[in-house]
Structures are given as C-alpha cells and as structure tokens.
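Containing compact mmCIF, C-alpha atoms: upload-v7.txt.
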```
# COMPACT_ATOMS: atom_id res chain seq x y z
CA MET B 241 -7.79 36.77 5.82
CA PRO B 242 -7.51 33.57 7.91
CA ALA B 243 -8.10 30.21 6.24
CA PRO B 244 -11.48 28.64 6.96
CA ARG B 245 -11.56 26.03 9.70
CA SER B 246 -12.08 22.41 8.76
CA THR B 247 -15.18 20.83 10.19
CA THR B 248 -14.73 18.15 12.86
CA SER B 249 -17.20 15.52 14.02
CA ASP B 250 -17.27 17.28 17.42
CA GLU B 251 -19.09 20.19 15.78
CA LEU B 252 -21.98 17.94 14.70
CA ASN B 253 -24.55 16.37 16.99
CA ASP B 254 -25.45 12.69 16.82
CA ARG B 255 -28.44 13.13 14.51
CA ALA B 256 -26.39 15.18 12.03
CA LEU B 257 -23.68 12.52 11.98
CA ARG B 258 -26.25 9.75 11.52
CA LEU B 259 -27.84 11.72 8.71
CA LEU B 260 -24.48 12.24 6.99
CA LYS B 261 -23.62 8.55 7.37
CA GLY B 262 -26.97 7.49 5.92
CA LEU B 263 -26.69 9.90 3.03
CA VAL B 264 -23.18 8.67 2.12
CA GLU B 265 -24.27 5.02 2.32
CA HIS B 266 -27.27 5.66 0.06
CA TYR B 267 -25.13 7.56 -2.42
CA VAL B 268 -22.48 4.83 -2.50
CA ALA B 269 -25.18 2.20 -3.05
CA ASP B 270 -26.91 3.72 -6.08
CA GLY B 271 -24.95 6.81 -7.17
CA ARG B 272 -27.98 9.11 -7.15
CA PRO B 273 -28.59 12.26 -5.11
CA VAL B 274 -30.40 11.47 -1.88
CA GLY B 275 -33.53 13.35 -0.87
CA SER B 276 -34.85 14.11 2.60
CA LYS B 277 -37.87 11.84 2.08
CA THR B 278 -35.62 8.87 1.40
CA LEU B 279 -33.55 9.56 4.50
CA ALA B 280 -36.65 10.07 6.66
CA ARG B 281 -38.05 6.74 5.47
CA ASP B 282 -34.89 4.65 5.81
CA LEU B 283 -33.05 6.08 8.83
CA ASP B 284 -35.91 6.26 11.33
CA LEU B 285 -34.40 9.29 13.08
CA GLY B 286 -37.72 10.40 14.55
CA LEU B 287 -37.38 13.85 13.01
CA SER B 288 -40.11 15.92 11.44
CA PRO B 289 -39.63 16.67 7.72
CA ALA B 290 -38.91 20.31 8.57
CA THR B 291 -36.28 19.41 11.18
CA LEU B 292 -34.64 16.93 8.84
CA ARG B 293 -34.44 19.55 6.10
CA ASN B 294 -32.85 21.96 8.59
CA VAL B 295 -30.20 19.39 9.54
CA MET B 296 -29.44 18.81 5.87
CA ALA B 297 -29.17 22.55 5.36
CA ASP B 298 -26.63 22.68 8.22
CA LEU B 299 -24.61 19.89 6.60
CA GLU B 300 -24.69 21.77 3.31
CA ARG B 301 -23.65 25.01 4.98
CA LEU B 302 -20.64 23.20 6.48
CA GLY B 303 -19.64 21.98 3.03
CA LEU B 304 -20.27 18.29 3.78
CA ILE B 305 -23.05 17.76 1.23
CA ALA B 306 -24.12 19.59 -1.92
CA ALA B 307 -26.92 19.69 -4.48
CA PRO B 308 -25.72 18.73 -7.97
CA HIS B 309 -27.24 20.98 -10.60
CA THR B 310 -30.94 21.53 -9.87
CA SER B 311 -31.55 18.19 -8.17
CA ALA B 312 -33.67 18.18 -5.02
CA GLY B 313 -31.37 15.55 -3.53
CA ARG B 314 -27.89 15.90 -2.05
CA ILE B 315 -24.58 14.09 -2.51
CA PRO B 316 -21.54 14.06 -0.22
CA THR B 317 -18.72 16.44 -1.07
CA ALA B 318 -15.07 15.40 -0.87
CA LYS B 319 -15.04 16.98 2.59
CA GLY B 320 -18.12 15.02 3.63
CA LEU B 321 -16.70 11.78 2.28
CA ARG B 322 -13.48 12.40 4.19
CA MET B 323 -15.41 12.86 7.43
CA PHE B 324 -17.32 9.66 6.71
CA VAL B 325 -14.22 7.50 6.18
CA ASP B 326 -12.31 9.10 9.07
CA THR B 327 -14.99 9.03 11.77
CA LEU B 328 -18.14 7.16 10.69
CA LEU B 329 -16.89 4.20 8.69
CA ARG B 330 -17.37 0.77 10.25
CA ALA B 331 -15.75 -2.04 8.30
CA THR B 332 -17.93 -5.03 7.44
CA PRO B 333 -15.99 -8.28 8.02
CA ILE B 334 -15.67 -10.53 5.01
CA ASP B 335 -17.47 -13.83 5.46
CA ASP B 336 -15.78 -17.10 6.45
CA THR B 337 -16.10 -18.55 2.95
CA GLU B 338 -14.21 -15.64 1.39
CA GLU B 339 -11.51 -15.68 4.04
CA GLY B 340 -11.14 -19.43 3.59
CA MET B 341 -10.74 -18.93 -0.16
CA LEU B 342 -8.07 -16.29 0.46
CA ARG B 343 -6.17 -18.63 2.75
CA GLN B 344 -6.45 -21.53 0.34
CA GLN B 345 -5.33 -19.68 -2.78
CA LEU B 346 -2.49 -17.82 -1.09
CA GLY B 347 -1.43 -21.09 0.49
CA ALA B 348 -1.31 -22.79 -2.93
CA SER B 349 1.29 -20.41 -4.39
CA THR B 350 4.81 -21.80 -4.40
CA ASP B 351 7.03 -18.70 -4.56
CA PRO B 352 6.94 -15.02 -3.53
CA GLY B 353 6.24 -13.86 -7.08
CA GLY B 354 3.29 -16.23 -7.34
CA LEU B 355 1.96 -15.01 -3.99
CA VAL B 356 2.04 -11.37 -5.10
CA GLU B 357 0.31 -12.24 -8.37
CA THR B 358 -2.37 -14.21 -6.51
CA ALA B 359 -2.92 -11.38 -4.02
CA GLY B 360 -3.45 -8.83 -6.82
CA ARG B 361 -5.97 -11.06 -8.57
CA LEU B 362 -7.86 -11.82 -5.35
CA LEU B 363 -8.07 -8.13 -4.44
CA ALA B 364 -9.61 -7.38 -7.84
CA ASP B 365 -12.03 -10.31 -7.69
CA LEU B 366 -13.27 -9.71 -4.15
CA SER B 367 -13.63 -5.93 -4.47
CA GLN B 368 -14.72 -5.83 -8.13
CA GLN B 369 -12.31 -2.91 -8.47
CA ALA B 370 -8.62 -2.83 -9.45
CA GLY B 371 -6.15 -4.56 -7.13
CA VAL B 372 -2.59 -3.27 -6.75
CA VAL B 373 0.37 -4.84 -4.92
CA LEU B 374 3.70 -3.16 -4.29
CA LEU B 375 6.33 -5.88 -4.70
CA PRO B 376 8.36 -6.82 -1.61
CA ARG B 377 11.34 -4.55 -1.09
CA ARG B 378 14.48 -6.08 -2.49
CA ASP B 379 16.56 -5.45 0.63
CA VAL B 380 14.34 -7.86 2.57
CA ALA B 381 15.02 -10.75 0.19
CA ARG B 382 16.97 -13.50 1.92
CA LEU B 383 20.52 -14.16 0.84
CA ARG B 384 21.51 -17.48 -0.77
CA GLN B 385 24.86 -16.53 -2.30
CA VAL B 386 26.88 -13.40 -3.01
CA ASP B 387 29.90 -12.69 -5.22
CA PHE B 388 32.00 -9.61 -5.87
CA VAL B 389 33.89 -8.93 -9.12
CA SER B 390 36.40 -6.08 -9.35
CA LEU B 391 36.00 -3.93 -12.46
CA SER B 392 38.09 -1.11 -13.87
CA ASP B 393 38.04 2.48 -12.58
CA GLY B 394 37.41 1.48 -8.98
CA ARG B 395 34.04 -0.13 -9.71
CA LEU B 396 32.66 -3.30 -8.16
CA LEU B 397 30.11 -5.73 -9.63
CA VAL B 398 27.81 -7.17 -6.96
CA ILE B 399 26.07 -10.46 -7.79
CA LEU B 400 23.35 -11.52 -5.38
CA VAL B 401 21.32 -14.73 -5.50
CA THR B 402 18.23 -14.68 -3.28
CA ASP B 403 16.36 -17.55 -1.68
CA ASP B 404 13.78 -17.68 -4.48
CA GLY B 405 16.50 -18.25 -7.09
CA ASP B 406 16.42 -14.71 -8.53
CA VAL B 407 19.79 -13.29 -9.55
CA HIS B 408 20.39 -9.56 -9.04
CA ASN B 409 23.50 -7.65 -10.09
CA TRP B 410 24.53 -4.01 -10.04
CA VAL B 411 27.70 -1.92 -10.17
CA VAL B 412 28.91 0.30 -7.30
CA ARG B 413 32.02 2.23 -6.43
CA GLN B 414 34.51 0.29 -4.31
CA PRO B 415 34.92 1.82 -0.83
CA ARG B 416 38.64 1.09 -1.25
CA SER B 417 40.83 -1.04 -3.49
CA TYR B 418 40.47 -4.75 -2.70
CA SER B 419 42.43 -7.68 -4.09
CA GLU B 420 40.60 -10.55 -5.79
CA ALA B 421 41.57 -12.77 -2.84
CA ALA B 422 39.98 -10.35 -0.36
CA LEU B 423 36.78 -10.14 -2.41
CA THR B 424 36.56 -13.94 -2.68
CA GLN B 425 37.18 -14.32 1.06
CA ALA B 426 34.50 -11.74 1.83
CA ALA B 427 31.95 -13.35 -0.52
CA ASN B 428 32.60 -16.80 0.95
CA TYR B 429 32.27 -15.49 4.49
CA LEU B 430 28.98 -13.68 3.79
CA THR B 431 27.52 -16.70 2.01
CA GLU B 432 28.63 -19.20 4.68
CA HIS B 433 27.69 -17.20 7.77
CA HIS B 434 24.72 -15.12 6.64
CA ALA B 435 22.78 -17.21 4.10
CA GLY B 436 19.08 -17.18 5.02
CA GLN B 437 19.18 -13.65 6.41
CA THR B 438 17.73 -10.55 4.82
CA LEU B 439 20.23 -7.96 3.67
CA ALA B 440 19.19 -5.70 6.55
CA GLN B 441 19.66 -8.52 9.07
CA MET B 442 23.04 -9.39 7.58
CA ARG B 443 24.36 -5.83 7.81
CA GLY B 444 23.15 -5.56 11.40
CA ALA B 445 24.82 -8.86 12.34
CA ILE B 446 28.13 -7.82 10.75
CA LEU B 447 28.04 -4.50 12.58
CA LYS B 448 27.62 -6.34 15.88
CA GLU B 449 30.46 -8.69 14.99
CA LEU B 450 32.65 -5.71 14.14
CA GLN B 451 31.88 -4.10 17.50
CA ARG B 452 32.86 -7.31 19.29
CA ALA B 453 35.96 -7.99 17.16
CA GLN B 454 39.45 -7.65 18.56
CA ALA B 455 42.03 -5.45 16.87
CA ALA B 456 43.65 -8.48 15.22
CA VAL B 457 40.56 -9.26 13.15
CA GLY B 458 39.14 -5.73 12.97
CA ALA B 459 40.45 -5.04 9.47
CA PHE B 460 38.74 -8.14 8.07
CA MET B 461 35.43 -7.29 9.73
CA GLU B 462 35.63 -3.71 8.45
CA THR B 463 36.01 -5.17 4.96
CA MET B 464 32.89 -7.28 5.55
CA LEU B 465 30.90 -4.24 6.65
CA ASP B 466 32.14 -2.10 3.74
CA LEU B 467 31.13 -4.74 1.21
CA ALA B 468 27.87 -5.57 2.97
CA GLU B 469 26.87 -1.92 2.60
CA ARG B 470 27.17 -2.44 -1.18
CA LEU B 471 24.51 -5.17 -1.00
CA VAL B 472 21.71 -2.61 -1.31
CA PRO B 473 20.05 -2.83 -4.72
CA PRO B 474 19.71 0.61 -6.33
CA PRO B 475 16.21 2.12 -6.55
CA ALA B 476 14.12 1.15 -9.57
CA GLY B 477 13.86 4.82 -10.54
CA GLY B 478 14.21 8.22 -8.96
CA ASP B 479 13.80 8.42 -5.19
CA VAL B 480 11.11 5.76 -4.97
CA ALA B 481 12.20 2.14 -4.90
CA GLY B 482 10.29 -0.89 -6.04
CA ASP B 483 7.63 -1.83 -8.55
CA TYR B 484 4.04 -2.96 -8.44
CA LEU B 485 1.56 -5.07 -10.33
CA ILE B 486 -2.05 -4.14 -10.94
CA ARG B 487 -4.90 -6.49 -11.77
CA GLY B 488 -8.56 -5.95 -12.64
CA GLU B 489 -8.20 -2.60 -14.41
CA SER B 490 -11.15 -3.54 -16.61
CA ASN B 491 -13.37 -3.45 -13.51
CA LEU B 492 -12.99 0.34 -13.56
CA LEU B 493 -14.62 0.44 -17.00
CA VAL B 494 -17.73 -1.47 -15.93
CA GLY B 495 -17.85 -0.49 -12.25
CA ALA B 496 -20.45 1.20 -10.13
CA ASP B 497 -20.16 4.64 -11.70
CA PRO B 498 -22.78 4.81 -14.47
CA ALA B 499 -21.16 7.81 -16.16
CA PRO B 500 -17.41 7.94 -15.44
CA ASP B 501 -15.43 11.03 -16.39
CA LEU B 502 -13.41 9.59 -19.28
CA GLY B 503 -10.74 12.26 -18.98
CA LYS B 504 -10.07 11.41 -15.34
CA LEU B 505 -10.20 7.70 -16.10
CA GLN B 506 -7.63 8.17 -18.86
CA ALA B 507 -5.40 10.11 -16.46
CA LEU B 508 -5.64 7.26 -13.96
CA PHE B 509 -4.75 4.63 -16.58
CA ARG B 510 -1.86 6.82 -17.76
CA ALA B 511 -0.58 6.90 -14.17
CA PHE B 512 -0.80 3.10 -14.07
CA GLY B 513 1.50 2.98 -17.08
CA GLU B 514 3.98 5.61 -15.93
CA LYS B 515 4.03 4.12 -12.40
CA ARG B 516 5.92 6.91 -10.64
CA GLU B 517 2.95 8.69 -9.07
CA LEU B 518 1.25 5.54 -7.85
CA LEU B 519 4.58 4.31 -6.45
CA HIS B 520 4.75 7.52 -4.41
CA VAL B 521 1.34 6.78 -2.87
CA LEU B 522 2.23 3.17 -2.10
CA ASP B 523 5.59 4.25 -0.69
CA GLU B 524 3.71 6.61 1.66
CA CYS B 525 1.62 3.64 2.79
CA LEU B 526 4.80 1.82 3.85
CA HIS B 527 5.35 4.44 6.54
CA GLY B 528 1.80 4.39 7.88
CA GLN B 529 -0.03 1.97 10.13
CA GLY B 530 -3.00 -0.15 9.18
CA VAL B 531 -5.48 0.66 6.44
CA GLN B 532 -5.24 4.10 4.82
CA ILE B 533 -7.74 5.71 2.45
CA PHE B 534 -6.67 8.21 -0.21
CA LEU B 535 -9.73 10.04 -1.54
CA GLY B 536 -9.21 11.26 -5.08
CA ALA B 537 -7.48 14.53 -5.79
CA GLU B 538 -8.43 15.63 -2.26
CA SER B 539 -5.60 13.38 -1.04
CA GLY B 540 -3.04 15.57 -2.81
CA TYR B 541 -2.55 13.11 -5.70
CA GLN B 542 -4.18 14.74 -8.71
CA PHE B 543 -3.95 11.65 -10.91
CA LEU B 544 -6.54 9.89 -8.72
CA GLY B 545 -9.20 12.37 -9.87
CA ASP B 546 -12.58 10.93 -8.82
CA TYR B 547 -11.03 7.64 -7.71
CA SER B 548 -9.97 6.41 -4.28
CA LEU B 549 -7.21 4.09 -3.11
CA VAL B 550 -7.57 1.92 -0.01
CA THR B 551 -4.18 0.55 1.09
CA ALA B 552 -2.48 -1.46 3.84
CA PRO B 553 1.13 -2.53 4.40
CA TYR B 554 2.12 -6.18 4.67
CA GLU B 555 4.90 -7.55 6.85
CA VAL B 556 7.44 -10.37 6.99
CA ASP B 557 9.13 -11.15 10.31
CA GLY B 558 7.48 -8.06 11.81
CA GLN B 559 9.04 -5.78 9.18
CA VAL B 560 7.01 -3.89 6.57
CA VAL B 561 8.15 -5.12 3.17
CA GLY B 562 5.41 -3.91 0.82
CA ALA B 563 1.88 -2.59 0.46
CA LEU B 564 -1.29 -3.53 -1.38
CA GLY B 565 -4.65 -1.98 -2.04
CA VAL B 566 -7.76 -1.45 -4.08
CA ILE B 567 -8.42 1.41 -6.52
CA GLY B 568 -12.00 2.27 -7.43
CA PRO B 569 -14.52 5.11 -7.80
CA SER B 570 -14.84 7.47 -4.85
CA ARG B 571 -18.25 5.93 -4.17
CA MET B 572 -16.87 2.43 -3.70
CA PRO B 573 -18.28 0.33 -0.78
CA TYR B 574 -15.59 1.28 1.74
CA GLU B 575 -17.01 -0.88 4.55
CA ARG B 576 -16.30 -4.03 2.54
CA VAL B 577 -13.17 -2.88 0.69
CA VAL B 578 -11.41 -1.93 3.94
CA SER B 579 -11.90 -5.49 5.25
CA VAL B 580 -10.80 -7.08 1.96
CA VAL B 581 -7.58 -5.03 1.94
CA ASP B 582 -6.85 -5.58 5.64
CA VAL B 583 -7.34 -9.36 5.55
CA THR B 584 -5.42 -9.80 2.28
CA ALA B 585 -2.46 -7.81 3.64
CA ARG B 586 -2.30 -9.95 6.77
CA LEU B 587 -2.62 -13.23 4.88
CA LEU B 588 -0.07 -12.24 2.21
CA GLY B 589 2.44 -11.39 4.94
CA ALA B 590 1.78 -14.71 6.68
CA ALA B 591 2.15 -16.63 3.40
CA LEU B 592 5.42 -14.88 2.54
CA ASN B 593 6.68 -15.63 6.03
CA ARG B 594 6.10 -19.35 5.47
CA ARG B 595 7.78 -19.29 2.07
CA LEU B 596 10.93 -17.51 3.32
CA PRO B 597 13.29 -19.65 5.41
CA ALA B 598 14.08 -18.55 8.94
CA PRO B 599 17.39 -16.73 9.32
CA SER B 600 20.33 -18.91 10.33
```

Let me see the structure of the file written as structure tokens.
Amino acid sequence: MPAPRSTTSDELNDRALRLLKGLVEHYVADGRPVGSKTLARDLDLGLSPATLRNVMADLERLGLIAAPHTSAGRIPTAKGLRMFVDTLLRATPIDDTEEGMLRQQLGASTDPGGLVETAGRLLADLSQQAGVVLLPRRDVARLRQVDFVSLSDGRLLVILVTDDGDVHNWVVRQPRSYSEAALTQAANYLTEHHAGQTLAQMRGAILKELQRAQAAVGAFMETMLDLAERLVPPPAGGDVAGDYLIRGESNLLVGADPAPDLGKLQALFRAFGEKRELLHVLDECLHGQGVQIFLGAESGYQFLGDYSLVTAPYEVDGQVVGALGVIGPSRMPYERVVSVVDVTARLLGAALNRRLPAPS
C-alpha cells in the first residue's frame, strides 16, 4: 500500500490557508482550542458559518487540525504547525529599542567567551524561553603561538595558544619521526608567519606555499604541512565536535504552556545535561542556511517532545563557526522568536569579528 501523500499549500485555496494561519495564531496566543465562531469574528473572511465549518472540516480531513477530546474547538496538528512555519509564517521585526540593546550588550563584552555568554542570556530574556549557543568551533580560533613536543612511542604533544589567551593541548601520532630541532623550527615558523590566522586559513596558506616551493625547500614545507594537519583539536565527544551553553531553562517551567507534560519536560532537561542529542541538532544547523525550525518529535529528534527549537548559524569572516537558538513549547510565538534568533546570530557574528584580529 503506497504511503499517504503529504499535504502542500498548493492543495489549499487562499481562504483555507488564511483560516489555518488564523487558527494557529489564536492557539499560540492562548493555548485553547479555537472554535469557528472565534475565527469568523476575528478573521473577517466573509464566509457564512456553514462555509467556514466546511473549510475547517477540510483542514481536519487533511490532518492539519484536530479536535482534542470532546472540545468543539480545533488545534493545529504537528502537520498543520509544520505547514504554518514553512509557508505562512511572517517574522515580526524586533523593535529598535531591543536591537539597540542587543548591539550595546554584545558590544560591551571583552572576549569571545563573554560574547557567547551574553548572547545566550539575551536570547533567553528576549524570547522568554531557553537560549542556547553552540560555542565557536575550535579550528576557527586564531593562532597566537604553537609548540610541538615529541613523546615516546611516536606520539606528539601539540600545544596551541589562541588569540584569546586559551591554551589547548592534545596528543597525536607523528606523521614521521622528527628531531627536536625540526619541531622547534616548524613551531617557530608557524608562529612567526601564521599568527593571527585561523587554523583552517593557516593550513590553506601552507598548502599554497608548498605548491609554489622549489625542490630545495620542498622537504621543509612538507614538514610544515604535516605538522599543521595535527593542529586540529579532537572532537569533544563522538562524531560531533564542540559544546554549548544554555540559559533561561527556568523559563520552560513557567512558560506559556499552562499544563506541560512533565515527562517530556524531564526528557528535554535530561537531553540538556547529556548534551549529545542537542549537539546533533545544532551541528545540523551549521550546514543549513538562515533560520531553521525543528518542531518537536516531528523533526526526528524524539527528545524535543512537545518543544521546538528555532536556530540560526553565526559567521566570522564569512565562515560559519557556530549556531544559536531558542527552545520553547511548540506553541511559542514563532513570528517574534524567528526575528530574535536571526538578529542575535548576525550581531554575535559581527561582534566576534571585531574581537578577532584580522589575519596577517
């Protein structure tokens, strides 16, 4: 038996789409099932009560709305909510005062860590939900100094100091056996010629230098490239790199939902603590464009349950380095949250760009 077709907006006429949009907006606003009388009064569609009920019946037949229990009203289904956010949602710009506050507070932070912390707090405050920020990828940190220390059994200790003063170190296998003099020469060369560049920029520059090098200096440049490839910090865990901070979790306990499912809320908080699942979602956001909306378990991430995640990537020097977002009930005010997330992502990227020195 073939799988049922998914409904597209092309299958609905304008009045059905307007009715669905109005119903979702009413439901998001007060959390109660919406009746045909309410829609007839507030939407001014010019439809008779009988016609309006027929349109609602069509929406219900298509699986876009449903009647909870014995209520006379209707609520959007996960399918209906997905159609709303994909085709009917129109973001409401944040006002000038709020944007000015974002600019001011992000501008007041003095280091990348402080910027990320500020962004998480602002997301939570402006949305009244939980704000989450995926920390900037470590391979886009800018190099200040590098050292290599040869260990036993063909291992190599890499010590990396980034522009913000953080010290990172990890152990890798040596691509080949190097003398202490060669390691010192390589570390001095990388520090002198590539300080101020991201690790990705540095590896690209060395590769170009190697391609241009004559045979007489080729061996040295090959050493540089081999060792530069070791300047990739290992993932924080599993196949997903990075970490995140989350602020405003308590907003989920006193949010818009008058009767949250405590089991699903506990699952969400457990995911916050374990991190892996949420890191997968944020990692997916890194490969997308613009604002993305993950609607509860319908998104494929069961831990979200009845909660949604609105995310956007942020960039430094035109390169995506992290992601941020807002987590809240599925009936959160998407029109506003989308704008809050979008503006915060752009301003965080701009602020990080100012804090990080230009490559030499």

Next on the checklist: Which residues are close to Val578 (chain B), i.e. within 9 Å by only C-alpha atoms, leaving aside same-chain residues fewer than 5 positions away? Reply as a VMD selection string.
Outcome noted: chain B and resid 331 to 333 531 to 533 550 to 552 566 573 583

Item to check | Straight-line distance linking CA of Ala563 (chain B) with CA of Tyr267 (chain B), stated in Å to one decimal | outcome: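 CA of Ala563 (chain B) sits 29.0 Å away from CA of Tyr267 (chain B).
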
Item to check | Counting only C-alpha atoms, the residue of B:Ala370, B:Asn593, B:Met442, B:Gly354 that sits nearest Tyr547 (chain B) | outcome: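 Among the listed residues, the smallest separation from Tyr547 (chain B) belongs to B:Ala370.
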
Size and centre in Å, one decimal, axis-aligned box, all listed region 524-538 of chain B atoms plus 4 Å per side, as lines of an AutoDock Vina configuration file:
```
center_x = -2.2
center_y = 7.7
center_z = 2.2
size_x = 23.1
size_y = 23.8
size_z = 23.9
```

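With CA of Ser288 (chain B) on one side and CA of Lys319 (chain B) on the other, the separation reads 26.6 Å.
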
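If you measure from each of B:Pro352, B:Ile305, B:Ile315, B:Asn491 to Val268 (chain B) using all atoms listed in the file, the closest one turns out to be B:Ile315.
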
Next on the checklist: Quick one: residues within 9 Å of Val295 (chain B), only C-alpha atoms, excluding same-chain residues fewer than 3 positions away - as a ChimeraX atom specification?
Outcome noted: /B:255-256,259,290-292,298-300
